[in-house]
Every structure is written in structure tokens, then in C-alpha cells.
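A.B. asks: The structure that follows is given in the form of C-alpha cells.
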Amino acid sequence: MKGQALKRGDQVPQLKTDSARLLELVPMHNAAIRIETSPDGLVVWVPIAQPFWMRSLLRFVLPFRKEKGIALDVIGREVFEACDGNRNVEAIIEEFAKRHKIRFFDAKQSVTTFLRWLLERKIIVLVLGPMEQV
Amino acid sequence: MKSVSPYDAIEWLGLRLEVPQDWQIVRHGISSLNGCLTFTDRYSERMNLSWRKLDREPDVERIVAEQLQRDQTKSPDLTLARTTIPGWQAYRAESAESEWVRAARYEPLTSQLLEVWLSVRSNQKKSQLANERLVCAIAGTDPNRDTSRLQAFDTCLEYPRDLVLSTTKIEPANVTFEFERAAVKGQPFSRARAVVRRMGMASCWYRGNAVALIAREAKQVVYQTQSEHWLGAHRAMRVEGDTTKGPIQRWFGRSTRSRATLMHCEVENAVYLITTESYDQAPLLPERFKFVCCKPIGETDPLS
């Protein structure tokens, strides 16, 4: 997807965020994360952005961590692994619902909440189809 | 679970209807006097069924004509025309963006005025018959049945008629219905309460220890007896105990007895839990509730 830099005073494009549009989004792993697997689940290591003062001499005095680890349980791992960039949110929800024998709508609520949680922690990114401006 | 029919049967507070399987209830009323059920598909609102208890049969034709007039005044760009749905007074509205049907009728079995709003997808214009079928299928159930039936949110349950649905809690794969029995005049100890819960994705809740799960759900109860029995094709755990109350309440015989039955259905990957709380003078047993599980979604009448 090709972006275009906005200048001061340009109108910021608004994205359609209705339910149908959300289901079309394709989640994929953030390329910067590191994954560690264990029998109990999975640990995702997300790099921490370091401001200039962290990169200065202070880093020799204080051992700032460079990444933070987030452990996922079995169900979390299942959804995380489904975010492979090949399936959209709708397909992930459908698969989840089928596997756990629950309704699409129950699965939708659980999966989208979890995807939002992953998104806030910068573990995944959501890729849009053709950008639509309102 | 493989579906048998593309429609799901819904039974709610004495009303019965059928909706496509990919529809979901997003709003629901719990009073039979006045309330509504709103359904959506994956993308938008599709149907709204509202009911109102009336003392006598109203002039439905006039109600619909007045509603049509109001809709026309409110949105002059709508094209409104009366349409025929057997047993219903109805009209159809069309505009550039949407198309919908509004219909009403009086249900003598439940003494309720039923009003339906049904959205028609523009790409489904040919399926007018299907929409008509949805409206026609809405009916009241026999109020003289021995038990009441609730069929919604993946749960199909028969419960004693003297109980009234008082609270619902609908969460993903976790549905709770609370029923209450009011005290009969002159018999203060006939009051009772029951909680029915269906927990989907069973492995998240249950790892084979039924007593532990029951104890976790009802912390204020000391369970003294436990027994295993069969509920249909499933093994169920039944426990019974006293609700912990203060010494004064116990002294006046006001402590209640709590009974719980837990059942795990592997086919549905769900755990069912029934908890009742009643006085010994008029006990309410969990056995009076009947679940229908292992049913393929979409089977129209699994209890028959």
C-alpha cells in the first residue's frame, strides 16, 4: 500500500470503521517481534522504542530493557498464529468458532477483543484492502 | 455441529419464531408485558420484534395505517405501499438506500400486540417469500403448557411455569439466566430462585472437577452431599447444601437450601450448571429444569 505524506492543513483521510470493514482487515505479525515457544504457550518479545536519553550514557548506568515479553496461553496462541497475513479477520473468527463449537458472534466478540489487545501492544498490525476515503 | 435447517428456532417469553442461522439477538427484553428482540446479521440490523400486552384486541389495521402515515411524514423520500402477509397487517418501504417491511398483528394466545420491522437487503429482492416466511413464523405458544420453554443464545431449556425470568447476562460463550418464583400469598417460604448457566468453550472453565466448579460459582453455600447421575446421555454431578446465613435467620428457619447440578456436554463443548435456592417447605429441584443439548444448530423443534 502506497502512502502519501500529509502537509499542514491537509484534511486527514477518514477510514470507514464499520463492522463489515473490520471483518475485511487482514492481521499480520509485526516484523520486529521475536517469538519463543514453550510447551505451555508462547512468549512474544516486542522491542521497546528507546528515546534519546535512554540511548545516551545513562544506558551504561541503568540497564534498560530493550524488549518486553508477553506470554500467550493456548487460546491466545491459536489466534496469534492465525494472524499470518493470509486470512482476514472474518476467516479467523469463522475458524475459531468452528474449532470451539461456538457461534460466529460469540467468537467475533472474543477474537476482536483479543486482536485489539494484540494491536495495542504492537504485536500485530492490521492491513487494509484498498483504502477508502469518506 | 452440522446444521440441519438454515433456520434457528427461537422461543422467548411465550413467543416462537424462526430466524436464519447467521442472525444474532443483540437486544432482548425480559418482560412479557412489553419488550423487544432485535436481530442482526454479520453486518447490520435485520429484524426487530416488539410486543405489548393488551387487555383487549386492538384495531391493528388502524395502528398500521397510523404508523404508515407517521413514516411517510418523517421520511418523504420513502415509497410506502401496503403488502400482503397472511395474518398480518403490513406495508413495505423503499428508498434509494434501504428497503424494509413493517407488520403487526394481535396474538390472542398471549394477548399481545406484535410488531415487526424487517430489513430487506437490496440484493435479496427475490427472496421476498423468505422474508414473508420469517414474519409468518412468529406466533405465540400455548400458555397452558406444563412448562415454559426458552430457546435462545444456544440454550434450549424447559423450566417450571411458576418461574419468571428475572435477569439475563449474555457474554461470549457464557450465558446466565436467572429465574424467580414469587411467594404465594400466605406462604412466605414458597419463594425460590434458580440460576441456569451455559458455559461454552468448556475447557476454559472445566477440567473434570465438577464439585470445584460448583463451589467456585456459589461461594456462600456449604455443600454437604454429592452424587453422580445421568442426565440423558451425560453424566451429571448433583450437590446439595445449606446457604450460609446468620444464626438469627437459622433460628427462625429462614436458611435456604441450595442445590446444584452440573453437566458437561462434549458434543457441544459446553458445561451446563443449574443452581436453585429454596426453602425446605417448598423445594425447587434442579431436576425440574430440562436441557436439550447435543442438538444440531438449526433443528427446528428439538424437544418434540
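Letters A, B, ... mark the chains of the C-alpha cells in the order given; residue numbers begin at 1 per chain; ligand numbers begin at 1, in order shown.
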Using only C-alpha atoms, find each residue of chain A with at least one atom at most 9 Å away from an atom of chain B; report its shortest atom-to-atom pair and that distance in Å (one decimal), sort the rows by chain and rising residue number, and return the result as JSON lines.

C.D. replies:
```
{"residue": "A:Asp18", "atom": "CA", "partner": "B:Tyr43", "partner_atom": "CA", "distance": 8.4}
{"residue": "A:Ser19", "atom": "CA", "partner": "B:Tyr43", "partner_atom": "CA", "distance": 6.0}
{"residue": "A:Ala20", "atom": "CA", "partner": "B:Tyr43", "partner_atom": "CA", "distance": 5.5}
{"residue": "A:Lys98", "atom": "CA", "partner": "B:Met1", "partner_atom": "CA", "distance": 8.1}
{"residue": "A:His100", "atom": "CA", "partner": "B:Met201", "partner_atom": "CA", "distance": 5.7}
{"residue": "A:Lys101", "atom": "CA", "partner": "B:Glu268", "partner_atom": "CA", "distance": 6.3}
{"residue": "A:Ile102", "atom": "CA", "partner": "B:Gly200", "partner_atom": "CA", "distance": 6.7}
{"residue": "A:Arg103", "atom": "CA", "partner": "B:Asp154", "partner_atom": "CA", "distance": 8.0}
{"residue": "A:Phe104", "atom": "CA", "partner": "B:Asp22", "partner_atom": "CA", "distance": 7.7}
{"residue": "A:Phe105", "atom": "CA", "partner": "B:Gln24", "partner_atom": "CA", "distance": 7.1}
{"residue": "A:Asp106", "atom": "CA", "partner": "B:Pro172", "partner_atom": "CA", "distance": 4.3}
{"residue": "A:Ala107", "atom": "CA", "partner": "B:Pro172", "partner_atom": "CA", "distance": 7.0}
{"residue": "A:Lys108", "atom": "CA", "partner": "B:Pro172", "partner_atom": "CA", "distance": 8.6}
{"residue": "A:Gln109", "atom": "CA", "partner": "B:Pro172", "partner_atom": "CA", "distance": 6.6}
{"residue": "A:Ser110", "atom": "CA", "partner": "B:Pro172", "partner_atom": "CA", "distance": 6.6}
```

A.B. asks: Out of region 20-127 of chain B, which residues get alpha helix (DSSP H) from DSSP, as a PDB file with N, CA, C and O atoms, in the first residue's frame?

C.D. replies:
```pdb
ATOM      1  N   VAL B  60     -55.835  -3.339  14.749  1.00  0.00           N
ATOM      2  CA  VAL B  60     -54.474  -3.414  14.212  1.00  0.00           C
ATOM      3  C   VAL B  60     -54.365  -2.652  12.893  1.00  0.00           C
ATOM      4  O   VAL B  60     -53.355  -1.990  12.615  1.00  0.00           O
ATOM      5  N   GLU B  61     -55.421  -2.708  12.108  1.00  0.00           N
ATOM      6  CA  GLU B  61     -55.388  -2.036  10.800  1.00  0.00           C
ATOM      7  C   GLU B  61     -55.167  -0.532  10.990  1.00  0.00           C
ATOM      8  O   GLU B  61     -54.393   0.099  10.270  1.00  0.00           O
ATOM      9  N   ARG B  62     -55.850   0.024  11.974  1.00  0.00           N
ATOM     10  CA  ARG B  62     -55.711   1.460  12.232  1.00  0.00           C
ATOM     11  C   ARG B  62     -54.296   1.784  12.769  1.00  0.00           C
ATOM     12  O   ARG B  62     -53.678   2.765  12.363  1.00  0.00           O
ATOM     13  N   ILE B  63     -53.792   0.903  13.612  1.00  0.00           N
ATOM     14  CA  ILE B  63     -52.445   1.117  14.166  1.00  0.00           C
ATOM     15  C   ILE B  63     -51.419   1.157  13.022  1.00  0.00           C
ATOM     16  O   ILE B  63     -50.556   2.030  12.963  1.00  0.00           O
ATOM     17  N   VAL B  64     -51.556   0.207  12.090  1.00  0.00           N
ATOM     18  CA  VAL B  64     -50.611   0.130  10.963  1.00  0.00           C
ATOM     19  C   VAL B  64     -50.779   1.334  10.041  1.00  0.00           C
ATOM     20  O   VAL B  64     -49.787   1.925   9.591  1.00  0.00           O
ATOM     21  N   ALA B  65     -52.031   1.733   9.802  1.00  0.00           N
ATOM     22  CA  ALA B  65     -52.275   2.889   8.918  1.00  0.00           C
ATOM     23  C   ALA B  65     -51.671   4.160   9.527  1.00  0.00           C
ATOM     24  O   ALA B  65     -51.064   4.972   8.812  1.00  0.00           O
ATOM     25  N   GLU B  66     -51.797   4.299  10.839  1.00  0.00           N
ATOM     26  CA  GLU B  66     -51.231   5.481  11.505  1.00  0.00           C
ATOM     27  C   GLU B  66     -49.709   5.466  11.469  1.00  0.00           C
ATOM     28  O   GLU B  66     -49.059   6.493  11.274  1.00  0.00           O
ATOM     29  N   GLN B  67     -49.149   4.272  11.626  1.00  0.00           N
ATOM     30  CA  GLN B  67     -47.684   4.147  11.581  1.00  0.00           C
ATOM     31  C   GLN B  67     -47.172   4.484  10.182  1.00  0.00           C
ATOM     32  O   GLN B  67     -46.162   5.173  10.023  1.00  0.00           O
ATOM     33  N   LEU B  68     -47.904   4.013   9.183  1.00  0.00           N
ATOM     34  CA  LEU B  68     -47.536   4.302   7.783  1.00  0.00           C
ATOM     35  C   LEU B  68     -47.540   5.818   7.543  1.00  0.00           C
ATOM     36  O   LEU B  68     -46.616   6.365   6.930  1.00  0.00           O
ATOM     37  N   GLN B  69     -48.567   6.454   8.080  1.00  0.00           N
ATOM     38  CA  GLN B  69     -48.685   7.906   7.941  1.00  0.00           C
ATOM     39  C   GLN B  69     -47.503   8.617   8.601  1.00  0.00           C
ATOM     40  O   GLN B  69     -46.904   9.536   8.036  1.00  0.00           O
ATOM     41  N   ARG B  70     -47.156   8.136   9.791  1.00  0.00           N
ATOM     42  CA  ARG B  70     -46.037   8.750  10.528  1.00  0.00           C
ATOM     43  C   ARG B  70     -44.726   8.569   9.765  1.00  0.00           C
ATOM     44  O   ARG B  70     -43.924   9.486   9.669  1.00  0.00           O
ATOM     45  N   ASP B  71     -44.522   7.351   9.231  1.00  0.00           N
ATOM     46  CA  ASP B  71     -43.281   7.084   8.479  1.00  0.00           C
ATOM     47  C   ASP B  71     -43.195   7.970   7.244  1.00  0.00           C
ATOM     48  O   ASP B  71     -42.131   8.463   6.891  1.00  0.00           O
ATOM     49  N   GLN B  72     -44.345   8.172   6.589  1.00  0.00           N
ATOM     50  CA  GLN B  72     -44.379   8.986   5.367  1.00  0.00           C
ATOM     51  C   GLN B  72     -44.052  10.445   5.692  1.00  0.00           C
ATOM     52  O   GLN B  72     -43.300  11.104   4.967  1.00  0.00           O
ATOM     53  N   THR B  73     -44.604  10.934   6.808  1.00  0.00           N
ATOM     54  CA  THR B  73     -44.342  12.325   7.203  1.00  0.00           C
ATOM     55  C   THR B  73     -42.877  12.498   7.598  1.00  0.00           C
ATOM     56  O   THR B  73     -42.244  13.500   7.258  1.00  0.00           O
ATOM     57  N   LYS B  74     -42.355  11.508   8.288  1.00  0.00           N
ATOM     58  CA  LYS B  74     -40.975  11.589   8.787  1.00  0.00           C
ATOM     59  C   LYS B  74     -39.962  11.523   7.642  1.00  0.00           C
ATOM     60  O   LYS B  74     -38.986  12.264   7.615  1.00  0.00           O
TER      61      LYS B  74
END
```

A.B. asks: Which of region 100-290 of chain B counts as strand (DSSP E) under DSSP, as a ChimeraX atom specification please?

C.D. replies: /B:100-107,112-119,139-140,147-152,155-160,164-171,174-181,192-199,221-231,234-243,257-265,270-278,290

A.B. asks: Write out as a ChimeraX atom specification each polymer residue whose atoms come within 12 Å of Tyr106 (chain B), counting only C-alpha atoms; drop sequence neighbours fewer than 3 positions from it.

C.D. replies: /B:50-61,63-64,87-89,103,109-116,138-140

A.B. asks: Could those residues be written to a file, using N, CA and C atoms, as a PDB file, in the first residue's frame?

C.D. replies:
```pdb
ATOM      1  N   SER B  50     -41.239  -6.476  18.457  1.00  0.00           N
ATOM      2  CA  SER B  50     -41.626  -5.910  19.763  1.00  0.00           C
ATOM      3  C   SER B  50     -43.016  -6.406  20.129  1.00  0.00           C
ATOM      4  N   TRP B  51     -43.271  -6.485  21.402  1.00  0.00           N
ATOM      5  CA  TRP B  51     -44.561  -6.964  21.874  1.00  0.00           C
ATOM      6  C   TRP B  51     -45.072  -6.058  22.996  1.00  0.00           C
ATOM      7  N   ARG B  52     -46.379  -6.041  23.105  1.00  0.00           N
ATOM      8  CA  ARG B  52     -47.034  -5.228  24.121  1.00  0.00           C
ATOM      9  C   ARG B  52     -48.275  -5.975  24.586  1.00  0.00           C
ATOM     10  N   LYS B  53     -48.388  -6.199  25.873  1.00  0.00           N
ATOM     11  CA  LYS B  53     -49.554  -6.920  26.403  1.00  0.00           C
ATOM     12  C   LYS B  53     -50.747  -5.962  26.430  1.00  0.00           C
ATOM     13  N   LEU B  54     -51.864  -6.403  25.925  1.00  0.00           N
ATOM     14  CA  LEU B  54     -53.060  -5.556  25.905  1.00  0.00           C
ATOM     15  C   LEU B  54     -54.232  -6.304  26.537  1.00  0.00           C
ATOM     16  N   ASP B  55     -55.133  -5.547  27.117  1.00  0.00           N
ATOM     17  CA  ASP B  55     -56.283  -6.179  27.762  1.00  0.00           C
ATOM     18  C   ASP B  55     -57.274  -6.731  26.753  1.00  0.00           C
ATOM     19  N   ARG B  56     -57.417  -6.009  25.628  1.00  0.00           N
ATOM     20  CA  ARG B  56     -58.351  -6.500  24.615  1.00  0.00           C
ATOM     21  C   ARG B  56     -57.766  -6.270  23.227  1.00  0.00           C
ATOM     22  N   GLU B  57     -58.369  -6.896  22.258  1.00  0.00           N
ATOM     23  CA  GLU B  57     -57.827  -6.849  20.900  1.00  0.00           C
ATOM     24  C   GLU B  57     -57.913  -5.431  20.325  1.00  0.00           C
ATOM     25  N   PRO B  58     -56.814  -4.900  19.854  1.00  0.00           N
ATOM     26  CA  PRO B  58     -56.848  -3.543  19.302  1.00  0.00           C
ATOM     27  C   PRO B  58     -57.224  -3.547  17.816  1.00  0.00           C
ATOM     28  N   ASP B  59     -57.430  -2.362  17.272  1.00  0.00           N
ATOM     29  CA  ASP B  59     -57.697  -2.239  15.838  1.00  0.00           C
ATOM     30  C   ASP B  59     -56.339  -2.167  15.125  1.00  0.00           C
ATOM     31  N   VAL B  60     -55.835  -3.339  14.749  1.00  0.00           N
ATOM     32  CA  VAL B  60     -54.474  -3.414  14.212  1.00  0.00           C
ATOM     33  C   VAL B  60     -54.365  -2.652  12.893  1.00  0.00           C
ATOM     34  N   GLU B  61     -55.421  -2.708  12.108  1.00  0.00           N
ATOM     35  CA  GLU B  61     -55.388  -2.036  10.800  1.00  0.00           C
ATOM     36  C   GLU B  61     -55.167  -0.532  10.990  1.00  0.00           C
ATOM     37  N   ILE B  63     -53.792   0.903  13.612  1.00  0.00           N
ATOM     38  CA  ILE B  63     -52.445   1.117  14.166  1.00  0.00           C
ATOM     39  C   ILE B  63     -51.419   1.157  13.022  1.00  0.00           C
ATOM     40  N   VAL B  64     -51.556   0.207  12.090  1.00  0.00           N
ATOM     41  CA  VAL B  64     -50.611   0.130  10.963  1.00  0.00           C
ATOM     42  C   VAL B  64     -50.779   1.334  10.041  1.00  0.00           C
ATOM     43  N   GLY B  87     -52.235 -13.122   7.702  1.00  0.00           N
ATOM     44  CA  GLY B  87     -52.432 -12.967   9.146  1.00  0.00           C
ATOM     45  C   GLY B  87     -51.892 -11.659   9.702  1.00  0.00           C
ATOM     46  N   TRP B  88     -51.208 -10.891   8.906  1.00  0.00           N
ATOM     47  CA  TRP B  88     -50.572  -9.667   9.381  1.00  0.00           C
ATOM     48  C   TRP B  88     -51.068  -8.458   8.583  1.00  0.00           C
ATOM     49  N   GLN B  89     -51.033  -7.293   9.210  1.00  0.00           N
ATOM     50  CA  GLN B  89     -51.251  -6.029   8.503  1.00  0.00           C
ATOM     51  C   GLN B  89     -49.848  -5.489   8.241  1.00  0.00           C
ATOM     52  N   ALA B 103     -44.772  -4.843   9.961  1.00  0.00           N
ATOM     53  CA  ALA B 103     -46.022  -5.605  10.052  1.00  0.00           C
ATOM     54  C   ALA B 103     -46.477  -5.692  11.504  1.00  0.00           C
ATOM     55  N   LEU B 109     -53.262 -15.842  21.758  1.00  0.00           N
ATOM     56  CA  LEU B 109     -52.766 -16.812  22.742  1.00  0.00           C
ATOM     57  C   LEU B 109     -52.042 -16.134  23.903  1.00  0.00           C
ATOM     58  N   THR B 110     -51.311 -15.080  23.577  1.00  0.00           N
ATOM     59  CA  THR B 110     -50.549 -14.400  24.633  1.00  0.00           C
ATOM     60  C   THR B 110     -51.117 -13.016  24.945  1.00  0.00           C
ATOM     61  N   SER B 111     -52.192 -12.634  24.269  1.00  0.00           N
ATOM     62  CA  SER B 111     -52.825 -11.305  24.412  1.00  0.00           C
ATOM     63  C   SER B 111     -51.806 -10.189  24.200  1.00  0.00           C
ATOM     64  N   GLN B 112     -51.046 -10.320  23.131  1.00  0.00           N
ATOM     65  CA  GLN B 112     -50.003  -9.326  22.873  1.00  0.00           C
ATOM     66  C   GLN B 112     -50.165  -8.741  21.475  1.00  0.00           C
ATOM     67  N   LEU B 113     -49.837  -7.471  21.364  1.00  0.00           N
ATOM     68  CA  LEU B 113     -49.753  -6.860  20.043  1.00  0.00           C
ATOM     69  C   LEU B 113     -48.313  -7.047  19.577  1.00  0.00           C
ATOM     70  N   LEU B 114     -48.131  -7.724  18.457  1.00  0.00           N
ATOM     71  CA  LEU B 114     -46.786  -7.986  17.940  1.00  0.00           C
ATOM     72  C   LEU B 114     -46.504  -7.035  16.793  1.00  0.00           C
ATOM     73  N   GLU B 115     -45.351  -6.407  16.821  1.00  0.00           N
ATOM     74  CA  GLU B 115     -44.952  -5.518  15.724  1.00  0.00           C
ATOM     75  C   GLU B 115     -43.572  -5.932  15.247  1.00  0.00           C
ATOM     76  N   VAL B 116     -43.428  -6.043  13.940  1.00  0.00           N
ATOM     77  CA  VAL B 116     -42.162  -6.499  13.362  1.00  0.00           C
ATOM     78  C   VAL B 116     -41.640  -5.461  12.382  1.00  0.00           C
ATOM     79  N   ILE B 138     -43.737 -16.134  13.219  1.00  0.00           N
ATOM     80  CA  ILE B 138     -43.822 -15.551  14.568  1.00  0.00           C
ATOM     81  C   ILE B 138     -45.202 -15.851  15.152  1.00  0.00           C
ATOM     82  N   ALA B 139     -45.223 -16.516  16.274  1.00  0.00           N
ATOM     83  CA  ALA B 139     -46.513 -16.886  16.879  1.00  0.00           C
ATOM     84  C   ALA B 139     -46.361 -17.049  18.376  1.00  0.00           C
ATOM     85  N   GLY B 140     -47.466 -16.989  19.047  1.00  0.00           N
ATOM     86  CA  GLY B 140     -47.456 -17.227  20.487  1.00  0.00           C
ATOM     87  C   GLY B 140     -47.527 -18.722  20.750  1.00  0.00           C
TER      88      GLY B 140
END
```

A.B. asks: How many Å separate CA of Ala9 (chain B) from CA of Cys293 (chain B)?

C.D. replies: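 CA of Ala9 (chain B) sits 14.0 Å away from CA of Cys293 (chain B).
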
A.B. asks: I want to know what sits within 9 Å of region 25-41 of chain A, based on only C-alpha atoms, with residues of the same chain fewer than 6 positions away left out; could you give that as an MDAnalysis selection string?

C.D. replies: chainID A and resid 47 67 71:77 80:90 115 122:129

A.B. asks: With N, CA, C and O atoms kept, could you save the residues just selected as a short mmCIF file (atom, residue, chain, number, x, y, z; two decimals), in the first residue's frame?

C.D. replies:
```cif
data_model
loop_
_atom_site.label_atom_id
_atom_site.label_comp_id
_atom_site.auth_asym_id
_atom_site.auth_seq_id
_atom_site.Cartn_x
_atom_site.Cartn_y
_atom_site.Cartn_z
N PRO A 47 10.05 -5.23 20.80
CA PRO A 47 11.08 -4.23 21.10
C PRO A 47 10.47 -2.95 21.68
O PRO A 47 9.37 -2.55 21.29
N GLU A 67 13.46 -5.01 25.14
CA GLU A 67 12.20 -5.59 24.66
C GLU A 67 11.39 -6.10 25.84
O GLU A 67 11.93 -6.37 26.90
N ALA A 71 3.37 -13.20 27.40
CA ALA A 71 3.07 -14.62 27.31
C ALA A 71 1.62 -14.83 26.87
O ALA A 71 0.72 -14.12 27.33
N LEU A 72 1.43 -15.73 25.96
CA LEU A 72 0.07 -16.04 25.47
C LEU A 72 -0.29 -17.46 25.89
O LEU A 72 0.55 -18.35 25.83
N ASP A 73 -1.54 -17.65 26.30
CA ASP A 73 -1.98 -19.00 26.65
C ASP A 73 -2.37 -19.76 25.37
O ASP A 73 -2.16 -19.27 24.26
N VAL A 74 -2.91 -20.94 25.56
CA VAL A 74 -3.18 -21.80 24.41
C VAL A 74 -4.14 -21.14 23.41
O VAL A 74 -3.91 -21.16 22.19
N ILE A 75 -5.20 -20.53 23.94
CA ILE A 75 -6.20 -19.92 23.04
C ILE A 75 -5.63 -18.65 22.41
O ILE A 75 -5.82 -18.39 21.22
N GLY A 76 -4.88 -17.89 23.18
CA GLY A 76 -4.23 -16.69 22.65
C GLY A 76 -3.25 -17.05 21.54
O GLY A 76 -3.18 -16.39 20.51
N ARG A 77 -2.53 -18.13 21.78
CA ARG A 77 -1.56 -18.59 20.80
C ARG A 77 -2.25 -18.97 19.48
O ARG A 77 -1.76 -18.67 18.40
N PHE A 80 -3.18 -15.82 17.71
CA PHE A 80 -1.96 -15.14 17.27
C PHE A 80 -1.39 -15.85 16.04
O PHE A 80 -0.98 -15.22 15.07
N GLU A 81 -1.38 -17.17 16.08
CA GLU A 81 -0.81 -17.93 14.96
C GLU A 81 -1.67 -17.82 13.70
O GLU A 81 -1.18 -18.00 12.59
N ALA A 82 -2.96 -17.54 13.92
CA ALA A 82 -3.85 -17.38 12.76
C ALA A 82 -3.60 -16.04 12.04
O ALA A 82 -4.01 -15.88 10.89
N CYS A 83 -2.94 -15.12 12.74
CA CYS A 83 -2.66 -13.81 12.13
C CYS A 83 -1.42 -13.92 11.24
O CYS A 83 -0.37 -13.37 11.55
N ASP A 84 -1.54 -14.67 10.17
CA ASP A 84 -0.38 -14.94 9.33
C ASP A 84 -0.34 -14.06 8.08
O ASP A 84 0.51 -14.23 7.21
N GLY A 85 -1.27 -13.15 7.97
CA GLY A 85 -1.27 -12.27 6.80
C GLY A 85 -1.99 -12.84 5.60
O GLY A 85 -2.12 -12.19 4.57
N ASN A 86 -2.47 -14.08 5.73
CA ASN A 86 -3.19 -14.70 4.60
C ASN A 86 -4.70 -14.70 4.80
O ASN A 86 -5.45 -14.85 3.86
N ARG A 87 -5.12 -14.58 6.06
CA ARG A 87 -6.55 -14.65 6.36
C ARG A 87 -7.04 -13.31 6.89
O ARG A 87 -6.31 -12.66 7.65
N ASN A 88 -8.25 -12.95 6.53
CA ASN A 88 -8.80 -11.73 7.12
C ASN A 88 -9.48 -12.05 8.45
O ASN A 88 -9.60 -13.22 8.84
N VAL A 89 -9.93 -11.00 9.13
CA VAL A 89 -10.50 -11.18 10.47
C VAL A 89 -11.70 -12.12 10.43
O VAL A 89 -11.87 -12.98 11.29
N GLU A 90 -12.51 -11.98 9.40
CA GLU A 90 -13.72 -12.82 9.27
C GLU A 90 -13.34 -14.30 9.22
O GLU A 90 -13.95 -15.13 9.89
N LEU A 115 -7.69 -9.33 19.42
CA LEU A 115 -6.90 -8.69 18.36
C LEU A 115 -6.59 -7.24 18.73
O LEU A 115 -5.49 -6.75 18.47
N LYS A 122 1.31 -3.68 20.04
CA LYS A 122 2.14 -3.64 18.81
C LYS A 122 2.67 -5.03 18.41
O LYS A 122 3.72 -5.16 17.85
N ILE A 123 1.90 -6.05 18.73
CA ILE A 123 2.31 -7.41 18.37
C ILE A 123 1.86 -7.72 16.94
O ILE A 123 2.53 -8.43 16.20
N ILE A 124 0.70 -7.19 16.57
CA ILE A 124 0.22 -7.39 15.20
C ILE A 124 -0.08 -6.04 14.55
O ILE A 124 -0.18 -5.03 15.24
N VAL A 125 -0.21 -6.08 13.25
CA VAL A 125 -0.68 -4.90 12.53
C VAL A 125 -1.87 -5.34 11.68
O VAL A 125 -1.99 -6.51 11.32
N LEU A 126 -2.76 -4.41 11.38
CA LEU A 126 -3.91 -4.72 10.54
C LEU A 126 -3.69 -4.09 9.18
O LEU A 126 -3.39 -2.90 9.07
N VAL A 127 -3.80 -4.89 8.17
CA VAL A 127 -3.58 -4.40 6.81
C VAL A 127 -4.93 -4.21 6.14
O VAL A 127 -5.79 -5.10 6.18
N LEU A 128 -5.08 -3.02 5.54
CA LEU A 128 -6.34 -2.72 4.85
C LEU A 128 -6.28 -3.16 3.41
O LEU A 128 -5.21 -3.28 2.83
N GLY A 129 -7.45 -3.34 2.86
CA GLY A 129 -7.54 -3.53 1.42
C GLY A 129 -7.38 -2.16 0.78
O GLY A 129 -6.75 -1.28 1.37
#
```

A.B. asks: Which value, in Å to one decimal, gives the distance between CA of Ser98 (chain B) and CA of Leu49 (chain B)?

C.D. replies: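 Separation of CA of Ser98 (chain B) and CA of Leu49 (chain B): 18.6 Å.
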